[in-house]
Amino acid sequence: MIERYRGIWARKAVLNTLVRRDLRVRYARSWLGYLWTIIDPLAMALIYFVVFAVIFKRPDAGHKPYFLFLLLGLLPWQWFNASINESARALVAEARLVRSTNLPRELWVIRVVIAKGVEFLLSLPVLFAFAAVYVAKGDTTLNWRLILFPVGLLLQGVLQTGIGLLLAPATVLADDTIRVVRIVLRMLFYGTPIIYTLNIAPEWLQRVLWFNPLSGILELYRAGFFSTPLQVQPLIAGTLMSVGLLVWGAIAFARMERAVLKEI
């Protein structure tokens with residue numbers, strides 16, 4: 001296993017080329033290009049803000065300012081959702097290259113996670129622009145826990161790589177995997193504290209939500225923007241599960257590789 005990942009590191013230049021290719025193809029025929037990276041989460045944040053803060057008059061569903069709270073959940077979710085959907089299809093979509101090249105097959109999954117991560121990074125100026133406006137208005141204050149933001153980014157990348165390594169070969173071996181992934185992602189959106197905080201859920205449900213790795217990751221993203229205490233339990237659970245899924249994914253991918261190559 002160590003030798004496999006040394007091989008991947010040795011081909012980081014190839015990985016860089018694959019990521020650049022993905023980004024070029026994504027925006028090749030789009031007039032708005034990069035703007036689509038921020039239009040979708042901004043539109044969804046506006047919808048949820050109107051529903052909860054205006055119609056139901058429940059701005060206490062999340063930290064104040066609620067719109068900033070929503071953005072800090074929706075932008076990472078966009079990266080997660082796109083990464084899982086596309087990494088699940090990574091081997092199928094590039095079947096000819098996977099079969100005919102001598103590259104480590106894990107590269108096809110990792111390149112999706114990184115490419116979608118670049119898009120996430122490109123959306124961050126908008127997030128920090130809104131944060132600057134709210135800070136200027138006195139609605140929120142930034143704090144030293146902003147240093148946890150890159151930790152959340154790294155942990156989310158680890159989580160998504162692990163899940164992608166599990167799903168990519170499973171999709172080759174069973175077409176139904178993609179349909180299952182789509183259904184689970186729809187359910188997971190509401191099982192993740194994106195539009196609400198953990199503390200408004202019943203105590204028994206809070207304990208269940210701790211074991212959603214994204215719960216702890218969102219805590220890391222939001223910690224520097226709000227003065228609320230950092231919830232340690234979901235953070236510990238999320239870290240252990242993210243690392244565990246990466247190890248599991250790496251082992252499972254290696255064991256299924258031969259069967260995958262026969263199928264494609």
# chains A, B, ... in the order shown; residues from 1 in each chain; ligands from 1
>>> closest_atom_pairs(of="segment 40-68 of chain A", to="segment 173-196 of chain A", cutoff="8 Å", atoms="only C-alpha atoms", output="CSV")
residue,atom,partner,partner_atom,distance
A:Tyr48,CA,A:Ile195,CA,7.3
A:Ala61,CA,A:Tyr196,CA,4.8
A:Gly62,CA,A:Tyr196,CA,4.9
>>> write_last_selection(atoms="N, CA and C atoms", output="compact mmCIF listing (two decimals), in the first residue's frame")
# COMPACT_ATOMS: atom_id res chain seq x y z
N TYR A 48 -33.18 29.62 1.40
CA TYR A 48 -33.32 29.15 2.78
C TYR A 48 -33.44 30.33 3.74
N ALA A 61 -32.52 29.42 13.69
CA ALA A 61 -32.19 28.07 13.22
C ALA A 61 -30.69 27.89 13.11
N GLY A 62 -29.98 29.00 12.91
CA GLY A 62 -28.52 28.95 12.84
C GLY A 62 -27.94 30.18 13.51
>>> closest_atom_pairs(of="segment 47-111 of chain A", to="segment 233-251 of chain A", cutoff="12 Å", atoms="only C-alpha atoms", output="CSV")
residue,atom,partner,partner_atom,distance
A:Pro104,CA,A:Ala250,CA,11.9
A:Arg105,CA,A:Ala250,CA,11.0
A:Glu106,CA,A:Ala250,CA,8.3
A:Leu107,CA,A:Ala250,CA,11.7
A:Val109,CA,A:Gly249,CA,10.9
A:Ile110,CA,A:Ala250,CA,11.3
>>> select_by_dssp(residues="segment 4-249 of chain A", states="helix (DSSP H, G or I)", output="ChimeraX atom specification")
/A:4-10,12-27,33-55,59-61,66-88,90-93,95-100,106-137,144-173,176-190,198-200,203-209,213-222,232-249
>>> residues_around(residues="segment 63-69 of chain A", least_positions_apart="4", cutoff="7 Å", atoms="only C-alpha atoms", output="list in words")
Ala45, Phe49, Pro59, Gly73, Phe130, Ala131 and Asp139 of chain A
>>> closest_residue(among="A:Ala10, A:Leu70, A:Leu103, A:Ala168", to="Ala43 of chain A", atoms="only C-alpha atoms")
A:Leu70
>>> residues_around(residues="Thr140 of chain A", least_positions_apart="2", cutoff="9 Å", atoms="only C-alpha atoms", output="VMD selection string")
chain A and resid 64 to 65 131 134 to 138 142 225 to 227
>>> atom_distance(atom1="atom CA of Phe52 of chain A", atom2="atom CA of Asn85 of chain A")
28.1 Å
